[in-house]
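The file entry.cif contains mmCIF, C-alpha atoms and all ligand atoms:
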```cif
data_model
loop_
_atom_site.group_PDB
_atom_site.id
_atom_site.type_symbol
_atom_site.label_atom_id
_atom_site.label_comp_id
_atom_site.auth_asym_id
_atom_site.auth_seq_id
_atom_site.Cartn_x
_atom_site.Cartn_y
_atom_site.Cartn_z
ATOM 1 C CA MET A 1 -19.404 -38.279 -5.960
ATOM 2 C CA ASP A 2 -22.544 -37.175 -4.055
ATOM 3 C CA THR A 3 -25.773 -36.248 -5.854
ATOM 4 C CA LEU A 4 -25.370 -32.497 -5.364
ATOM 5 C CA THR A 5 -21.809 -32.461 -6.750
ATOM 6 C CA LYS A 6 -22.981 -34.543 -9.713
ATOM 7 C CA GLU A 7 -25.834 -32.110 -10.423
ATOM 8 C CA ILE A 8 -23.389 -29.192 -10.305
ATOM 9 C CA GLN A 9 -20.989 -30.964 -12.675
ATOM 10 C CA GLU A 10 -23.790 -31.627 -15.158
ATOM 11 C CA LEU A 11 -25.071 -28.055 -14.984
ATOM 12 C CA ARG A 12 -21.561 -26.652 -15.270
ATOM 13 C CA GLU A 13 -21.015 -28.610 -18.470
ATOM 14 C CA ARG A 14 -24.451 -27.784 -19.880
ATOM 15 C CA ARG A 15 -23.962 -24.064 -19.258
ATOM 16 C CA ASN A 16 -20.244 -24.087 -20.163
ATOM 17 C CA ALA A 17 -19.677 -22.308 -16.842
ATOM 18 C CA ILE A 18 -16.550 -21.602 -14.839
ATOM 19 C CA ILE A 19 -16.683 -21.491 -11.033
ATOM 20 C CA LEU A 20 -14.303 -19.053 -9.302
ATOM 21 C CA ALA A 21 -13.974 -19.176 -5.495
ATOM 22 C CA HIS A 22 -12.148 -17.044 -2.950
ATOM 23 C CA TYR A 23 -9.894 -18.675 -0.351
ATOM 24 C CA TYR A 24 -12.353 -17.633 2.409
ATOM 25 C CA GLN A 25 -15.196 -19.708 0.977
ATOM 26 C CA ARG A 26 -16.495 -22.858 2.672
ATOM 27 C CA PRO A 27 -14.358 -25.948 1.909
ATOM 28 C CA GLU A 28 -17.277 -27.580 0.028
ATOM 29 C CA VAL A 29 -17.397 -24.543 -2.300
ATOM 30 C CA GLN A 30 -13.610 -24.386 -2.779
ATOM 31 C CA ASP A 31 -13.725 -28.081 -3.738
ATOM 32 C CA LEU A 32 -16.225 -27.336 -6.524
ATOM 33 C CA ALA A 33 -14.281 -24.458 -8.036
ATOM 34 C CA ASP A 34 -12.266 -24.441 -11.251
ATOM 35 C CA ARG A 35 -10.069 -21.720 -9.723
ATOM 36 C CA VAL A 36 -9.553 -20.808 -6.061
ATOM 37 C CA GLY A 37 -7.563 -17.670 -5.331
ATOM 38 C CA ASP A 38 -7.094 -14.299 -3.701
ATOM 39 C CA SER A 39 -8.689 -11.128 -5.077
ATOM 40 C CA LEU A 40 -5.836 -10.433 -7.483
ATOM 41 C CA GLY A 41 -5.645 -14.027 -8.718
ATOM 42 C CA LEU A 42 -9.402 -14.194 -9.251
ATOM 43 C CA ALA A 43 -9.534 -10.811 -11.011
ATOM 44 C CA ARG A 44 -6.773 -12.038 -13.334
ATOM 45 C CA ALA A 45 -8.613 -15.342 -13.818
ATOM 46 C CA ALA A 46 -11.688 -13.320 -14.797
ATOM 47 C CA THR A 47 -9.721 -11.790 -17.702
ATOM 48 C CA GLU A 48 -8.876 -15.233 -19.075
ATOM 49 C CA VAL A 49 -12.388 -16.650 -19.085
ATOM 50 C CA GLU A 50 -13.536 -18.529 -22.170
ATOM 51 C CA ALA A 51 -16.696 -19.870 -20.560
ATOM 52 C CA ASP A 52 -20.259 -18.717 -21.282
ATOM 53 C CA VAL A 53 -21.090 -18.126 -17.597
ATOM 54 C CA ILE A 54 -19.028 -17.128 -14.540
ATOM 55 C CA VAL A 55 -20.219 -18.317 -11.123
ATOM 56 C CA PHE A 56 -18.421 -16.139 -8.595
ATOM 57 C CA CYS A 57 -18.193 -17.591 -5.102
ATOM 58 C CA GLY A 58 -17.030 -14.588 -3.145
ATOM 59 C CA VAL A 59 -18.596 -11.266 -2.200
ATOM 60 C CA HIS A 60 -20.464 -8.707 -4.289
ATOM 61 C CA PHE A 61 -17.563 -6.398 -5.195
ATOM 62 C CA MET A 62 -15.603 -9.361 -6.601
ATOM 63 C CA ALA A 63 -18.500 -10.351 -8.849
ATOM 64 C CA GLU A 64 -18.810 -6.721 -9.985
ATOM 65 C CA THR A 65 -15.122 -6.682 -10.954
ATOM 66 C CA ALA A 66 -15.589 -9.900 -12.944
ATOM 67 C CA ALA A 67 -18.637 -8.363 -14.660
ATOM 68 C CA ILE A 68 -16.663 -5.221 -15.598
ATOM 69 C CA LEU A 69 -13.874 -7.337 -17.070
ATOM 70 C CA ASN A 70 -16.356 -9.597 -18.933
ATOM 71 C CA PRO A 71 -19.169 -7.327 -20.129
ATOM 72 C CA ASP A 72 -20.635 -9.997 -22.430
ATOM 73 C CA THR A 73 -20.554 -12.905 -19.974
ATOM 74 C CA PRO A 74 -23.245 -13.378 -17.303
ATOM 75 C CA VAL A 75 -21.740 -13.294 -13.803
ATOM 76 C CA LEU A 76 -23.726 -15.126 -11.123
ATOM 77 C CA LEU A 77 -23.286 -14.518 -7.384
ATOM 78 C CA PRO A 78 -25.050 -17.462 -5.697
ATOM 79 C CA ASP A 79 -26.157 -15.315 -2.735
ATOM 80 C CA THR A 80 -26.802 -11.620 -3.351
ATOM 81 C CA LYS A 81 -26.525 -10.885 0.364
ATOM 82 C CA SER A 82 -22.806 -11.755 0.210
ATOM 83 C CA GLY A 83 -21.675 -8.182 0.635
ATOM 84 C CA CYS A 84 -18.615 -6.680 2.289
ATOM 85 C CA PRO A 85 -19.069 -4.308 5.255
ATOM 86 C CA MET A 86 -15.737 -2.632 4.492
ATOM 87 C CA ALA A 87 -16.816 -1.906 0.904
ATOM 88 C CA ASP A 88 -19.969 -0.318 2.350
ATOM 89 C CA MET A 89 -17.882 2.119 4.439
ATOM 90 C CA ILE A 90 -17.350 4.380 1.416
ATOM 91 C CA THR A 91 -19.645 5.757 -1.284
ATOM 92 C CA ARG A 92 -18.817 7.473 -4.543
ATOM 93 C CA GLU A 93 -20.445 10.687 -3.295
ATOM 94 C CA ALA A 94 -18.371 10.732 -0.076
ATOM 95 C CA LEU A 95 -15.202 10.038 -2.043
ATOM 96 C CA GLU A 96 -15.944 12.859 -4.503
ATOM 97 C CA GLU A 97 -16.389 15.248 -1.546
ATOM 98 C CA ARG A 98 -13.105 14.121 -0.006
ATOM 99 C CA LYS A 99 -11.251 14.466 -3.332
ATOM 100 C CA ALA A 100 -12.327 18.115 -3.509
ATOM 101 C CA ASP A 101 -10.330 18.769 -0.290
ATOM 102 C CA ASP A 102 -7.106 17.353 -1.823
ATOM 103 C CA PRO A 103 -7.372 17.730 -5.591
ATOM 104 C CA ASP A 104 -3.689 16.839 -6.076
ATOM 105 C CA ALA A 105 -3.998 13.461 -4.315
ATOM 106 C CA VAL A 106 -3.843 10.207 -6.260
ATOM 107 C CA VAL A 107 -6.754 8.030 -5.147
ATOM 108 C CA VAL A 108 -5.637 4.440 -4.586
ATOM 109 C CA THR A 109 -8.629 2.231 -3.854
ATOM 110 C CA TYR A 110 -8.501 -1.254 -2.454
ATOM 111 C CA VAL A 111 -10.387 -3.715 -4.636
ATOM 112 C CA ASN A 112 -12.719 -4.295 -1.655
ATOM 113 C CA SER A 113 -14.976 -1.438 -2.782
ATOM 114 C CA SER A 114 -18.013 -0.944 -4.994
ATOM 115 C CA ALA A 115 -17.693 -0.467 -8.757
ATOM 116 C CA ALA A 116 -18.960 3.105 -8.282
ATOM 117 C CA VAL A 117 -16.114 3.912 -5.857
ATOM 118 C CA LYS A 118 -13.588 2.322 -8.222
ATOM 119 C CA ALA A 119 -14.989 4.520 -10.985
ATOM 120 C CA SER A 120 -14.009 7.621 -8.956
ATOM 121 C CA SER A 121 -10.494 6.324 -8.240
ATOM 122 C CA ASP A 122 -7.211 6.655 -10.109
ATOM 123 C CA ILE A 123 -5.967 3.132 -9.541
ATOM 124 C CA CYS A 124 -7.121 0.045 -7.660
ATOM 125 C CA CYS A 125 -4.969 -2.412 -5.750
ATOM 126 C CA THR A 126 -5.327 -5.653 -3.849
ATOM 127 C CA SER A 127 -3.479 -6.641 -0.694
ATOM 128 C CA ALA A 128 -1.074 -8.536 -3.008
ATOM 129 C CA ASN A 129 0.130 -5.406 -4.790
ATOM 130 C CA ALA A 130 -0.836 -2.355 -2.681
ATOM 131 C CA VAL A 131 2.807 -1.518 -1.877
ATOM 132 C CA ARG A 132 3.823 -1.849 -5.551
ATOM 133 C CA VAL A 133 0.939 0.334 -6.689
ATOM 134 C CA VAL A 134 1.774 3.126 -4.207
ATOM 135 C CA GLU A 135 5.504 2.907 -5.015
ATOM 136 C CA ASP A 136 4.593 3.621 -8.644
ATOM 137 C CA VAL A 137 2.733 6.852 -7.780
ATOM 138 C CA PRO A 138 4.976 9.861 -8.605
ATOM 139 C CA ALA A 139 6.887 10.770 -5.414
ATOM 140 C CA GLU A 140 5.656 14.373 -5.305
ATOM 141 C CA ARG A 141 1.948 13.380 -5.268
ATOM 142 C CA PRO A 142 0.145 12.617 -1.992
ATOM 143 C CA VAL A 143 -1.958 9.440 -1.881
ATOM 144 C CA LEU A 144 -5.510 9.107 -0.618
ATOM 145 C CA PHE A 145 -5.892 5.415 0.252
ATOM 146 C CA THR A 146 -9.434 4.007 0.500
ATOM 147 C CA PRO A 147 -11.292 2.338 2.129
ATOM 148 C CA ASP A 148 -9.085 0.131 4.380
ATOM 149 C CA ARG A 149 -7.203 2.179 6.977
ATOM 150 C CA ASN A 150 -5.227 -0.874 8.154
ATOM 151 C CA LEU A 151 -3.934 -1.825 4.718
ATOM 152 C CA GLY A 152 -3.231 1.871 4.049
ATOM 153 C CA HIS A 153 -1.335 2.148 7.333
ATOM 154 C CA TYR A 154 0.734 -0.920 6.429
ATOM 155 C CA VAL A 155 1.528 0.509 2.974
ATOM 156 C CA ARG A 156 2.504 3.827 4.552
ATOM 157 C CA ARG A 157 4.983 2.011 6.804
ATOM 158 C CA ARG A 158 6.407 -0.039 3.935
ATOM 159 C CA THR A 159 6.785 2.870 1.524
ATOM 160 C CA GLY A 160 7.321 5.878 3.821
ATOM 161 C CA ARG A 161 4.921 7.777 1.533
ATOM 162 C CA ASN A 162 2.553 10.603 2.428
ATOM 163 C CA ILE A 163 -0.697 8.606 2.584
ATOM 164 C CA MET A 164 -4.045 9.922 3.802
ATOM 165 C CA LEU A 165 -6.287 7.156 5.082
ATOM 166 C CA TRP A 166 -10.008 6.581 4.699
ATOM 167 C CA GLU A 167 -11.630 5.383 7.938
ATOM 168 C CA GLY A 168 -12.779 1.965 6.764
ATOM 169 C CA TRP A 169 -11.892 -1.470 8.087
ATOM 170 C CA CYS A 170 -12.734 -5.138 7.821
ATOM 171 C CA PRO A 171 -14.785 -6.217 10.872
ATOM 172 C CA THR A 172 -13.434 -9.774 10.561
ATOM 173 C CA HIS A 173 -9.753 -8.787 10.663
ATOM 174 C CA GLU A 174 -10.419 -6.065 13.243
ATOM 175 C CA ARG A 175 -11.501 -8.823 15.646
ATOM 176 C CA ILE A 176 -7.991 -10.342 15.563
ATOM 177 C CA LEU A 177 -6.288 -8.835 18.608
ATOM 178 C CA PRO A 178 -2.671 -8.731 19.843
ATOM 179 C CA GLU A 179 -3.731 -10.779 22.894
ATOM 180 C CA HIS A 180 -4.917 -13.571 20.540
ATOM 181 C CA ILE A 181 -1.491 -13.708 18.897
ATOM 182 C CA LEU A 182 0.311 -13.706 22.255
ATOM 183 C CA GLU A 183 -1.924 -16.471 23.590
ATOM 184 C CA ARG A 184 -1.348 -18.659 20.476
ATOM 185 C CA LYS A 185 2.392 -17.929 20.739
ATOM 186 C CA ARG A 186 2.357 -19.220 24.340
ATOM 187 C CA GLU A 187 0.619 -22.403 23.118
ATOM 188 C CA HIS A 188 2.852 -22.865 20.056
ATOM 189 C CA PRO A 189 6.158 -21.084 20.733
ATOM 190 C CA ASP A 190 7.876 -22.500 17.620
ATOM 191 C CA ALA A 191 5.178 -21.380 15.210
ATOM 192 C CA ALA A 192 5.762 -18.419 12.881
ATOM 193 C CA VAL A 193 3.122 -15.677 12.936
ATOM 194 C CA VAL A 194 1.764 -14.827 9.476
ATOM 195 C CA VAL A 195 -0.940 -12.186 9.164
ATOM 196 C CA HIS A 196 -2.973 -10.350 6.536
ATOM 197 C CA PRO A 197 -2.436 -6.571 6.194
ATOM 198 C CA GLU A 198 -6.149 -5.957 6.915
ATOM 199 C CA CYS A 199 -5.250 -6.729 10.567
ATOM 200 C CA PRO A 200 -4.805 -3.799 12.970
ATOM 201 C CA PRO A 201 -1.252 -2.335 13.203
ATOM 202 C CA ALA A 202 -0.726 -3.755 16.726
ATOM 203 C CA VAL A 203 -1.249 -7.268 15.313
ATOM 204 C CA ILE A 204 1.042 -6.596 12.349
ATOM 205 C CA ASP A 205 3.737 -5.534 14.838
ATOM 206 C CA LEU A 206 3.754 -9.079 16.249
ATOM 207 C CA ALA A 207 4.025 -10.863 12.892
ATOM 208 C CA ASP A 208 6.978 -12.643 11.309
ATOM 209 C CA ALA A 209 5.406 -12.094 7.887
ATOM 210 C CA VAL A 210 2.607 -9.922 6.476
ATOM 211 C CA ALA A 211 1.059 -10.931 3.161
ATOM 212 C CA SER A 212 -2.089 -11.306 1.081
ATOM 213 C CA THR A 213 -3.700 -14.748 1.186
ATOM 214 C CA GLY A 214 -1.847 -15.777 -1.975
ATOM 215 C CA GLY A 215 1.385 -14.471 -0.460
ATOM 216 C CA MET A 216 0.716 -16.307 2.817
ATOM 217 C CA LEU A 217 0.323 -19.592 0.933
ATOM 218 C CA ASP A 218 3.627 -19.072 -0.866
ATOM 219 C CA TYR A 219 5.371 -17.995 2.344
ATOM 220 C CA CYS A 220 4.197 -21.018 4.360
ATOM 221 C CA ALA A 221 5.012 -23.440 1.530
ATOM 222 C CA ALA A 222 8.544 -22.058 1.119
ATOM 223 C CA SER A 223 9.326 -21.639 4.843
ATOM 224 C CA GLU A 224 11.443 -24.139 6.729
ATOM 225 C CA CYS A 225 9.139 -23.654 9.696
ATOM 226 C CA GLY A 226 6.653 -26.487 10.313
ATOM 227 C CA ALA A 227 3.940 -24.558 12.180
ATOM 228 C CA PHE A 228 2.172 -21.225 11.664
ATOM 229 C CA ILE A 229 -0.218 -18.969 13.531
ATOM 230 C CA ILE A 230 -2.494 -17.508 10.862
ATOM 231 C CA GLY A 231 -4.021 -14.057 11.227
ATOM 232 C CA THR A 232 -6.789 -13.873 8.676
ATOM 233 C CA GLU A 233 -10.296 -15.191 7.997
ATOM 234 C CA SER A 234 -10.773 -18.718 9.352
ATOM 235 C CA GLY A 235 -11.680 -20.312 5.983
ATOM 236 C CA PHE A 236 -8.112 -19.774 4.854
ATOM 237 C CA LEU A 237 -6.842 -22.665 6.960
ATOM 238 C CA TYR A 238 -8.400 -25.057 4.433
ATOM 239 C CA PRO A 239 -6.284 -24.030 1.386
ATOM 240 C CA LEU A 240 -3.210 -23.825 3.630
ATOM 241 C CA GLU A 241 -3.707 -27.398 4.838
ATOM 242 C CA ARG A 242 -4.347 -28.576 1.268
ATOM 243 C CA ARG A 243 -1.167 -26.913 -0.036
ATOM 244 C CA CYS A 244 1.051 -27.913 2.920
ATOM 245 C CA PRO A 245 -0.372 -31.181 4.342
ATOM 246 C CA ASP A 246 2.779 -31.854 6.387
ATOM 247 C CA LYS A 247 2.632 -28.512 8.284
ATOM 248 C CA LYS A 248 0.491 -27.314 11.177
ATOM 249 C CA PHE A 249 -1.718 -24.219 11.050
ATOM 250 C CA TYR A 250 -3.408 -22.520 13.988
ATOM 251 C CA ALA A 251 -6.037 -19.775 13.653
ATOM 252 C CA ALA A 252 -4.793 -16.660 15.471
ATOM 253 C CA SER A 253 -8.290 -15.781 16.645
ATOM 254 C CA PRO A 254 -11.318 -17.946 17.424
ATOM 255 C CA VAL A 255 -13.666 -15.231 16.105
ATOM 256 C CA ALA A 256 -12.243 -14.344 12.683
ATOM 257 C CA ASP A 257 -15.110 -15.622 10.524
ATOM 258 C CA CYS A 258 -16.546 -13.556 7.687
ATOM 259 C CA PRO A 259 -20.271 -14.380 7.684
ATOM 260 C CA ASN A 260 -20.637 -12.847 4.219
ATOM 261 C CA MET A 261 -18.082 -15.190 2.676
ATOM 262 C CA LYS A 262 -19.833 -18.154 4.281
ATOM 263 C CA ARG A 263 -23.281 -17.391 2.830
ATOM 264 C CA ILE A 264 -22.549 -19.316 -0.346
ATOM 265 C CA THR A 265 -23.146 -23.068 -0.195
ATOM 266 C CA ALA A 266 -22.888 -25.859 -2.755
ATOM 267 C CA GLY A 267 -26.704 -25.909 -2.894
ATOM 268 C CA LYS A 268 -26.790 -22.215 -3.809
ATOM 269 C CA VAL A 269 -24.179 -22.800 -6.538
ATOM 270 C CA ARG A 270 -26.441 -25.498 -7.991
ATOM 271 C CA ASP A 271 -29.512 -23.228 -7.803
ATOM 272 C CA ALA A 272 -27.635 -20.359 -9.482
ATOM 273 C CA LEU A 273 -26.502 -22.576 -12.352
ATOM 274 C CA GLU A 274 -30.020 -23.933 -12.766
ATOM 275 C CA SER A 275 -31.869 -20.604 -12.743
ATOM 276 C CA MET A 276 -29.012 -18.426 -14.092
ATOM 277 C CA GLN A 277 -29.779 -16.069 -11.188
ATOM 278 C CA PRO A 278 -28.841 -13.992 -9.219
ATOM 279 C CA ARG A 279 -26.876 -12.101 -11.845
ATOM 280 C CA VAL A 280 -24.585 -9.177 -10.975
ATOM 281 C CA THR A 281 -24.527 -6.296 -13.449
ATOM 282 C CA VAL A 282 -22.806 -2.918 -13.424
ATOM 283 C CA PRO A 283 -24.332 0.144 -15.153
ATOM 284 C CA ASP A 284 -22.460 0.948 -18.393
ATOM 285 C CA ASP A 285 -21.214 4.395 -17.312
ATOM 286 C CA ILE A 286 -19.817 3.062 -14.010
ATOM 287 C CA ALA A 287 -18.252 0.029 -15.715
ATOM 288 C CA ARG A 288 -16.598 2.305 -18.291
ATOM 289 C CA ASP A 289 -15.046 4.537 -15.596
ATOM 290 C CA ALA A 290 -14.061 1.660 -13.287
ATOM 291 C CA ARG A 291 -12.338 -0.364 -15.990
ATOM 292 C CA ALA A 292 -9.173 1.762 -16.272
ATOM 293 C CA PRO A 293 -8.337 1.767 -12.503
ATOM 294 C CA ILE A 294 -8.928 -2.011 -12.435
ATOM 295 C CA GLU A 295 -6.731 -2.571 -15.495
ATOM 296 C CA ARG A 296 -3.956 -0.484 -13.920
ATOM 297 C CA MET A 297 -4.198 -2.764 -10.866
ATOM 298 C CA LEU A 298 -3.913 -5.867 -13.053
ATOM 299 C CA ALA A 299 -0.897 -4.427 -14.849
ATOM 300 C CA ALA A 300 0.979 -3.813 -11.560
ATOM 301 C CA GLY A 301 3.087 -6.742 -10.365
ATOM 302 C CA ARG A 302 2.689 -8.372 -6.966
ATOM 303 C CA ASP A 303 4.528 -6.828 -4.013
ATOM 304 C CA ARG A 304 8.129 -7.824 -3.561
ATOM 305 C CA PRO A 305 8.547 -9.996 -0.424
HETATM 306 S S1 LIG A 401 -13.224 -10.754 5.190
HETATM 307 FE FE1 LIG A 401 -13.524 -8.546 5.572
HETATM 308 S S2 LIG A 401 -12.899 -7.512 3.702
HETATM 309 FE FE2 LIG A 401 -13.231 -9.698 3.190
HETATM 310 S S3 LIG A 401 -15.377 -9.780 2.514
HETATM 311 FE FE3 LIG A 401 -15.376 -10.248 4.713
HETATM 312 S S4 LIG A 401 -15.748 -8.237 5.663
HETATM 313 FE FE4 LIG A 401 -15.121 -7.810 3.570
#
```
With the file now loaded, output its structure as structure tokens.
Amino acid sequence: MDTLTKEIQELRERRNAIILAHYYQRPEVQDLADRVGDSLGLARAATEVEADVIVFCGVHFMAETAAILNPDTPVLLPDTKSGCPMADMITREALEERKADDPDAVVVTYVNSSAAVKASSDICCTSANAVRVVEDVPAERPVLFTPDRNLGHYVRRRTGRNIMLWEGWCPTHERILPEHILERKREHPDAAVVVHPECPPAVIDLADAVASTGGMLDYCAASECGAFIIGTESGFLYPLERRCPDKKFYAASPVADCPNMKRITAGKVRDALESMQPRVTVPDDIARDARAPIERMLAAGRDRP
């Protein structure tokens, strides 16, 4: 074990801390984590925490969700600049204005949003259960889906529901283009194409399977296929290769990195545990209003395949 890993182990024990990491984190950070998962898995993990400190290796909105679910436990985000550009494409004020135009609409908000936006929503969802969540909305009510237009578009196609879309998107997934998929397909004609629903609709049209990161792992592990073209953030190849060491994985696009997810390093995890900073907090009134939509999301099952 190298010196840095040893220091982190000692600090983790001294602080009685748990380290949660998203699948898009650097391999060195995923290796340190007690739990690695997708947004839904990590939000659920955050409800089961018995530790005295949570170190969240992800982006800001994920740490906020953990803080809302664990009001008495400090939540550390090792780099406060780890934000999410898609989450920044909507504010609570803009959402309130939009809601006034369609007061009958049920607001379904992707977990990739600020706590304040969640607080103005009826129910949250992740990419693992967005279809399920919308299916459970009474059929006569329109849905306003925020902030990811691509995920909302995918859910609209899967459910056939009347869904109004917010104009937000993930810059990382938006860079994955149909030409990338076609080029990889020419190189690896036997590989199955598996993409995340944050990808643009034209990319989804070329896929054999569309799933959240957790769903992609399960799909690739269960498939008889031995090779896959993966349409999501590049860090996800690492957990795929760990779970399925006998299969081949090819990144769909050479430019699908999320710089925000890569800000956190093992050194920053050590520094956070040492200084107990930076800590993510959510104002009490926002946390109170955001809790119910998050809990409804946790109560919904994952999408059916
Ligand atoms: S991959 Fe996209 S949605 Fe996820 S944190 Fe990065 S910018 Fe946000």
Counting all atoms listed in the file, the residue among A:Pro293, A:Pro201, A:Pro171, A:Gly231 that lies closest to ligand LIG 401 (chain A) is A:Pro171
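Among the candidates A:Lys247, A:Glu179, A:Phe145, A:Arg302, the one nearest to Ile163 (chain A) when counting all atoms listed in the file is A:Phe145.
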Chain and number of each residue from the PyMOL selection byres (((chain A and resi 38-48) around 7) and not hetatm), as a VMD selection string = chain A and resid 20 22 to 23 37 49 to 50 65 to 66 69 126 128 213 to 214 298
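The two atoms in question, CA of Gly152 (chain A) and CA of Ala211 (chain A), are spaced 13.5 Å apart.
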Write out as lines of an AutoDock Vina configuration file an axis-aligned box for ligand LIG 401 (chain A): all of its atoms listed in the file, 6 Å added on each side, centre and edge lengths in Å with one decimal.
```
center_x = -14.3
center_y = -9.1
center_z = 4.1
size_x = 14.8
size_y = 15.2
size_z = 15.1
```
What does the distance between CA of Met276 (chain A) and CA of Pro74 (chain A) come to in Å, to one decimal place?
->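 Distance between the two atoms: 8.3 Å.
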Please write the residues picked by the PyMOL selection byres (((not hetatm)) within 10 of (chain A and resi 401)) on this file as an NGL selection string.
-> :A and (22 or 24 or 39 or 58-62 or 82-88 or 110-113 or 148 or 168-174 or 198-199 or 232-235 or 256-262)
Skipping near chain neighbours, those fewer than 4 positions away, what residues fall within 9 Å of Thr281 (chain A) using all atoms listed in the file, listed as number ranges by chain?
-> A: 63-64, 67-68, 71, 74-75
Separating CA of Pro147 (chain A) from CA of Ile230 (chain A), to the nearest tenth of an Å, is a gap of 23.4 Å
Considering all atoms listed in the file, return as a PyMOL selection string whatever protein or nucleic-acid residues lie within 12 Å of Asp246 (chain A), sequence-local ones (same chain, fewer than 3 positions apart) excluded.
-> chain A and resi 220-221+224-228+240-243+249
Determine, counting all atoms listed in the file, which protein, DNA and RNA residues have an atom within 7 Å of an atom of Pro178 (chain A); residues of the same chain fewer than 3 positions away are not included. Present the result as a ChimeraX atom specification.
-> /A:181-182,202-203
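Of the residues listed (A:Met216, A:Ala33, A:Val282, A:Ala100), A:Met216 shows the shortest atom-to-atom separation from Pro305 (chain A); distances use all atoms listed in the file.
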Given the file above and the PyMOL selection byres (((chain A and resi 91) around 10) and not hetatm), which residues are selected, and can you give them as a short mmCIF file (atom, residue, chain, number, x, y, z; two decimals) with C-alpha atoms, in the coordinates of the input?
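expr_39.cif, freshly written:
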```
data_model
loop_
_atom_site.label_atom_id
_atom_site.label_comp_id
_atom_site.auth_asym_id
_atom_site.auth_seq_id
_atom_site.Cartn_x
_atom_site.Cartn_y
_atom_site.Cartn_z
CA ALA A 87 -16.82 -1.91 0.90
CA ASP A 88 -19.97 -0.32 2.35
CA MET A 89 -17.88 2.12 4.44
CA ILE A 90 -17.35 4.38 1.42
CA ARG A 92 -18.82 7.47 -4.54
CA GLU A 93 -20.44 10.69 -3.30
CA ALA A 94 -18.37 10.73 -0.08
CA LEU A 95 -15.20 10.04 -2.04
CA GLU A 96 -15.94 12.86 -4.50
CA SER A 113 -14.98 -1.44 -2.78
CA SER A 114 -18.01 -0.94 -4.99
CA ALA A 115 -17.69 -0.47 -8.76
CA ALA A 116 -18.96 3.10 -8.28
CA VAL A 117 -16.11 3.91 -5.86
CA LYS A 118 -13.59 2.32 -8.22
CA SER A 120 -14.01 7.62 -8.96
CA PRO A 147 -11.29 2.34 2.13
#
```
Using the atoms already present, construct N, CA, C and O atoms for region 99-109 of chain A and hand them back as an mmCIF file, keeping the file's coordinate frame.
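Once everything was written out, this is out-v8.cif:
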```cif
data_model
loop_
_atom_site.group_PDB
_atom_site.id
_atom_site.type_symbol
_atom_site.label_atom_id
_atom_site.label_comp_id
_atom_site.auth_asym_id
_atom_site.auth_seq_id
_atom_site.Cartn_x
_atom_site.Cartn_y
_atom_site.Cartn_z
ATOM 1 N N LYS A 99 -12.218 14.115 -2.283
ATOM 2 C CA LYS A 99 -11.251 14.466 -3.332
ATOM 3 C C LYS A 99 -11.175 15.980 -3.530
ATOM 4 O O LYS A 99 -10.106 16.520 -3.841
ATOM 5 N N ALA A 100 -12.305 16.655 -3.324
ATOM 6 C CA ALA A 100 -12.327 18.115 -3.509
ATOM 7 C C ALA A 100 -11.424 18.801 -2.488
ATOM 8 O O ALA A 100 -10.890 19.884 -2.747
ATOM 9 N N ASP A 101 -11.216 18.179 -1.311
ATOM 10 C CA ASP A 101 -10.330 18.769 -0.290
ATOM 11 C C ASP A 101 -8.853 18.643 -0.669
ATOM 12 O O ASP A 101 -8.021 19.412 -0.205
ATOM 13 N N ASP A 102 -8.510 17.598 -1.440
ATOM 14 C CA ASP A 102 -7.106 17.353 -1.823
ATOM 15 C C ASP A 102 -7.051 17.023 -3.313
ATOM 16 O O ASP A 102 -6.789 15.880 -3.700
ATOM 17 N N PRO A 103 -7.271 18.035 -4.156
ATOM 18 C CA PRO A 103 -7.372 17.730 -5.591
ATOM 19 C C PRO A 103 -6.096 17.164 -6.199
ATOM 20 O O PRO A 103 -6.141 16.536 -7.260
ATOM 21 N N ASP A 104 -4.953 17.342 -5.513
ATOM 22 C CA ASP A 104 -3.689 16.839 -6.076
ATOM 23 C C ASP A 104 -3.449 15.357 -5.717
ATOM 24 O O ASP A 104 -2.545 14.721 -6.250
ATOM 25 N N ALA A 105 -4.255 14.834 -4.803
ATOM 26 C CA ALA A 105 -3.998 13.461 -4.315
ATOM 27 C C ALA A 105 -4.348 12.418 -5.381
ATOM 28 O O ALA A 105 -5.316 12.574 -6.131
ATOM 29 N N VAL A 106 -3.541 11.369 -5.416
ATOM 30 C CA VAL A 106 -3.843 10.207 -6.260
ATOM 31 C C VAL A 106 -4.687 9.259 -5.415
ATOM 32 O O VAL A 106 -4.281 8.878 -4.310
ATOM 33 N N VAL A 107 -5.861 8.899 -5.916
ATOM 34 C CA VAL A 107 -6.754 8.030 -5.147
ATOM 35 C C VAL A 107 -6.441 6.566 -5.474
ATOM 36 O O VAL A 107 -6.630 6.114 -6.606
ATOM 37 N N VAL A 108 -5.926 5.866 -4.456
ATOM 38 C CA VAL A 108 -5.637 4.440 -4.586
ATOM 39 C C VAL A 108 -6.722 3.706 -3.802
ATOM 40 O O VAL A 108 -6.866 3.905 -2.597
ATOM 41 N N THR A 109 -7.486 2.893 -4.491
ATOM 42 C CA THR A 109 -8.629 2.231 -3.854
ATOM 43 C C THR A 109 -8.437 0.720 -3.838
ATOM 44 O O THR A 109 -8.187 0.103 -4.884
#
```
